[in-house]
>>> print(open('query_32.cif').read())   # mmCIF, C-alpha atoms
data_final
loop_
_atom_site.label_atom_id
_atom_site.label_comp_id
_atom_site.auth_asym_id
_atom_site.auth_seq_id
_atom_site.Cartn_x
_atom_site.Cartn_y
_atom_site.Cartn_z
CA MET X 111 -3.14 99.36 99.85
CA GLU X 112 -3.58 99.04 96.08
CA ALA X 113 -5.60 96.14 94.69
CA ASP X 114 -7.55 97.35 91.68
CA GLY X 115 -9.68 94.64 90.09
CA ILE X 116 -8.24 91.74 92.06
CA GLY X 117 -10.58 88.75 92.24
CA ARG X 118 -10.64 85.56 94.28
CA PHE X 119 -8.16 82.72 93.89
CA SER X 120 -7.54 79.28 95.34
CA GLN X 121 -7.22 79.04 99.12
CA ASP X 122 -3.58 77.99 98.75
CA ALA X 123 -2.68 81.02 96.62
CA GLU X 124 -4.59 83.46 98.81
CA ALA X 125 -3.11 82.03 102.02
CA ALA X 126 0.45 82.18 100.65
CA VAL X 127 0.06 85.80 99.57
CA TYR X 128 -1.67 86.76 102.83
CA PHE X 129 0.95 85.22 105.12
CA CYS X 130 3.87 86.51 103.05
CA THR X 131 2.41 90.01 103.03
CA LEU X 132 1.84 89.79 106.78
CA GLU X 133 5.46 88.69 107.35
CA ALA X 134 6.76 91.52 105.15
CA LEU X 135 4.68 94.04 107.11
CA GLN X 136 5.96 92.62 110.41
CA ASN X 137 9.52 93.08 109.13
CA VAL X 138 8.74 96.71 108.26
CA ALA X 139 7.39 97.28 111.78
CA LYS X 140 10.37 95.58 113.47
CA TYR X 141 13.33 96.73 111.40
CA ALA X 142 12.62 99.39 108.78
CA GLY X 143 11.96 102.51 110.79
CA ALA X 144 9.68 103.47 107.90
CA ALA X 145 7.39 106.47 107.70
CA GLY X 146 5.29 104.81 104.97
CA THR X 147 4.54 101.44 103.45
CA THR X 148 2.59 100.46 100.35
CA VAL X 149 1.04 97.04 99.71
CA ARG X 150 0.10 96.19 96.12
CA LEU X 151 -1.82 93.14 94.93
CA SER X 152 -2.13 92.38 91.25
CA ARG X 153 -2.68 89.69 88.71
CA ASP X 154 -0.17 89.48 85.90
CA ASP X 155 -0.67 86.81 83.26
CA ASP X 156 -1.27 83.64 85.22
CA HIS X 157 0.18 84.83 88.54
CA LEU X 158 -1.15 86.46 91.67
CA ALA X 159 1.48 88.96 92.80
CA PHE X 160 2.11 91.08 95.87
CA GLU X 161 4.56 93.84 96.65
CA VAL X 162 5.36 95.47 99.98
CA THR X 163 7.45 98.64 99.67
CA ASP X 164 8.71 100.79 102.54
CA ASP X 165 10.71 104.00 102.80
CA GLY X 166 12.77 102.79 105.76
CA VAL X 167 16.46 102.33 106.47
CA GLY X 168 16.93 99.46 104.01
CA PHE X 169 19.73 96.89 104.18
CA ASP X 170 22.19 95.04 101.96
CA PRO X 171 20.50 91.71 101.08
CA LYS X 172 23.80 90.24 99.79
CA ALA X 173 25.56 90.89 103.09
CA ARG X 174 22.65 89.71 105.25
CA GLY X 175 20.91 87.02 103.25
CA TYR X 176 17.40 85.92 104.13
CA GLY X 177 16.49 85.67 107.79
CA THR X 178 14.11 82.95 108.95
CA GLY X 179 11.04 85.08 108.18
CA MET X 180 12.03 85.82 104.60
CA GLN X 181 13.24 82.27 104.05
CA GLY X 182 9.85 81.04 105.25
CA MET X 183 8.17 83.37 102.75
CA ALA X 184 10.39 82.09 99.93
CA ASP X 185 9.68 78.47 100.91
CA ARG X 186 5.91 79.06 101.13
CA LEU X 187 5.82 80.57 97.63
CA ALA X 188 8.19 77.97 96.16
CA ALA X 189 5.92 75.17 97.43
CA LEU X 190 3.27 76.54 95.04
CA GLY X 191 5.69 77.13 92.16
CA GLY X 192 6.13 80.81 93.01
CA GLU X 193 9.04 83.06 93.82
CA LEU X 194 10.18 85.82 96.17
CA THR X 195 12.51 88.73 95.44
CA VAL X 196 13.83 91.33 97.83
CA THR X 197 15.29 94.63 96.66
CA SER X 198 16.93 96.92 99.18
CA SER X 199 19.96 99.05 99.90
CA PRO X 200 21.02 100.99 102.99
CA GLY X 201 19.09 104.25 103.24
CA ALA X 202 16.79 103.44 100.31
CA GLY X 203 14.02 101.31 101.78
CA THR X 204 13.01 97.78 100.86
CA THR X 205 10.67 96.13 98.38
CA VAL X 206 9.53 92.55 98.88
CA ARG X 207 7.83 91.00 95.82
CA GLY X 208 6.27 87.61 95.51
CA ARG X 209 4.09 85.76 93.07
CA VAL X 210 2.37 82.42 92.73
CA PRO X 211 0.85 80.81 89.65
CA VAL X 212 -2.95 80.79 89.50
CA ALA X 213 -5.37 79.15 87.12
CA SER X 214 -7.20 81.18 84.53
CA PRO X 215 -10.55 82.38 85.86
CA ASP X 216 -13.40 79.94 85.39
CA PRO X 217 -16.36 81.85 83.91
CA HIS X 218 -18.72 79.31 85.54
CA GLN X 219 -17.10 79.58 88.98
CA PHE X 220 -20.17 81.20 90.51
CA ALA X 221 -22.78 79.23 88.54
CA THR X 222 -25.17 77.10 90.54
CA LEU X 223 -26.69 73.79 89.57
CA SER X 224 -30.46 73.75 89.53
CA HIS X 225 -30.81 70.04 88.79
CA VAL X 226 -28.49 67.13 89.37
CA PRO X 227 -29.51 63.89 87.60
CA ARG X 228 -29.58 60.72 89.67
#
>>> encode(input="query_32.cif", output="structure tokens")
Amino acid sequence: MEADGIGRFSQDAEAAVYFCTLEALQNVAKYAGAAGTTVRLSRDDDHLAFEVTDDGVGFDPKARGYGTGMQGMADRLAALGGELTVTSSPGAGTTVRGRVPVASPDPHQFATLSHVPR
């Protein structure tokens, strides 16, 4: 797991990344026959991104297309304006990448109000 300097984001963004990462890891466990898997979380520009890479058997995405799990991931990210990409080839493992747009950090996000006028 690599997540250097990642902060908090909206519930929608965090939930989308969490459930997509979980689905990608379930696919590794079911199909990849992998000895190792790496999960990376990062923020690039105005996007929260994830990447799940395995060293398993791989597959040809053009010949297989997206199964229901990967299509669900793509739909979940697209609903938030994000995207999913899958890179794989037989014998070379698989990388699932996704990203969703996030707002710029609010420097006052953790400020508290000491007085609210009535």
>>> resolve_selection(input="query_32.cif", expression="the PyMOL selection byres ((chain X and resi 120-127) around 8)", output="list of chain:residue names")
X:Arg118, X:Phe119, X:Tyr128, X:Phe129, X:Cys130, X:Thr131, X:Leu158, X:Ala159, X:Phe160, X:Arg186, X:Leu187, X:Leu190, X:Gly208, X:Arg209, X:Val210, X:Pro211, X:Val212
>>> write_last_selection(input="query_32.cif", atoms="C-alpha atoms", output="JSON list (two decimals), in the frame of the given file")
[["chain", "number", "residue", "atom", "x", "y", "z"],
["X", 118, "ARG", "CA", -10.64, 85.56, 94.28],
["X", 119, "PHE", "CA", -8.16, 82.72, 93.89],
["X", 128, "TYR", "CA", -1.67, 86.76, 102.83],
["X", 129, "PHE", "CA", 0.95, 85.22, 105.12],
["X", 130, "CYS", "CA", 3.87, 86.51, 103.05],
["X", 131, "THR", "CA", 2.41, 90.01, 103.03],
["X", 158, "LEU", "CA", -1.15, 86.46, 91.67],
["X", 159, "ALA", "CA", 1.48, 88.96, 92.80],
["X", 160, "PHE", "CA", 2.11, 91.08, 95.87],
["X", 186, "ARG", "CA", 5.91, 79.06, 101.13],
["X", 187, "LEU", "CA", 5.82, 80.57, 97.63],
["X", 190, "LEU", "CA", 3.27, 76.54, 95.04],
["X", 208, "GLY", "CA", 6.27, 87.61, 95.51],
["X", 209, "ARG", "CA", 4.09, 85.76, 93.07],
["X", 210, "VAL", "CA", 2.37, 82.42, 92.73],
["X", 211, "PRO", "CA", 0.85, 80.81, 89.65],
["X", 212, "VAL", "CA", -2.95, 80.79, 89.50]]
>>> closest_residue(input="query_32.cif", among="X:Gln181, X:Ser199, X:Gln136, X:Thr205", to="Val162 in chain X", atoms="all atoms listed in the file")
X:Thr205
>>> closest_residue(input="query_32.cif", among="X:Val138, X:Met111, X:Ala213, X:Val206", to="Ala184 in chain X", atoms="only C-alpha atoms")
X:Val206
>>> atom_distance(input="query_32.cif", atom1="CA of Ser198 in chain X", atom2="CA of Leu151 in chain X")
19.6 Å
>>> resolve_selection(input="query_32.cif", expression="the PyMOL selection byres ((chain X and resi 200) around 7)", output="list in words")
Val167, Gly168, Phe169, Asp170, Ser198, Ser199, Gly201 and Ala202 of chain X
>>> axis_aligned_box(input="query_32.cif", around="range 144-155 of chain X", padding_each_side="8 Å", output="AutoDock Vina command-line options")
--center_x 3.5 --center_y 96.6 --center_z 95.6 --size_x 28.4 --size_y 35.7 --size_z 40.6
>>> closest_residue(input="query_32.cif", among="X:Lys172, X:Gly115, X:Gly179, X:Asp155", to="Lys140 in chain X", atoms="all atoms listed in the file")
X:Gly179
>>> closest_residue(input="query_32.cif", among="X:Glu193, X:Glu161, X:Asp185, X:Asp156", to="Leu132 in chain X", atoms="all atoms listed in the file")
X:Glu161
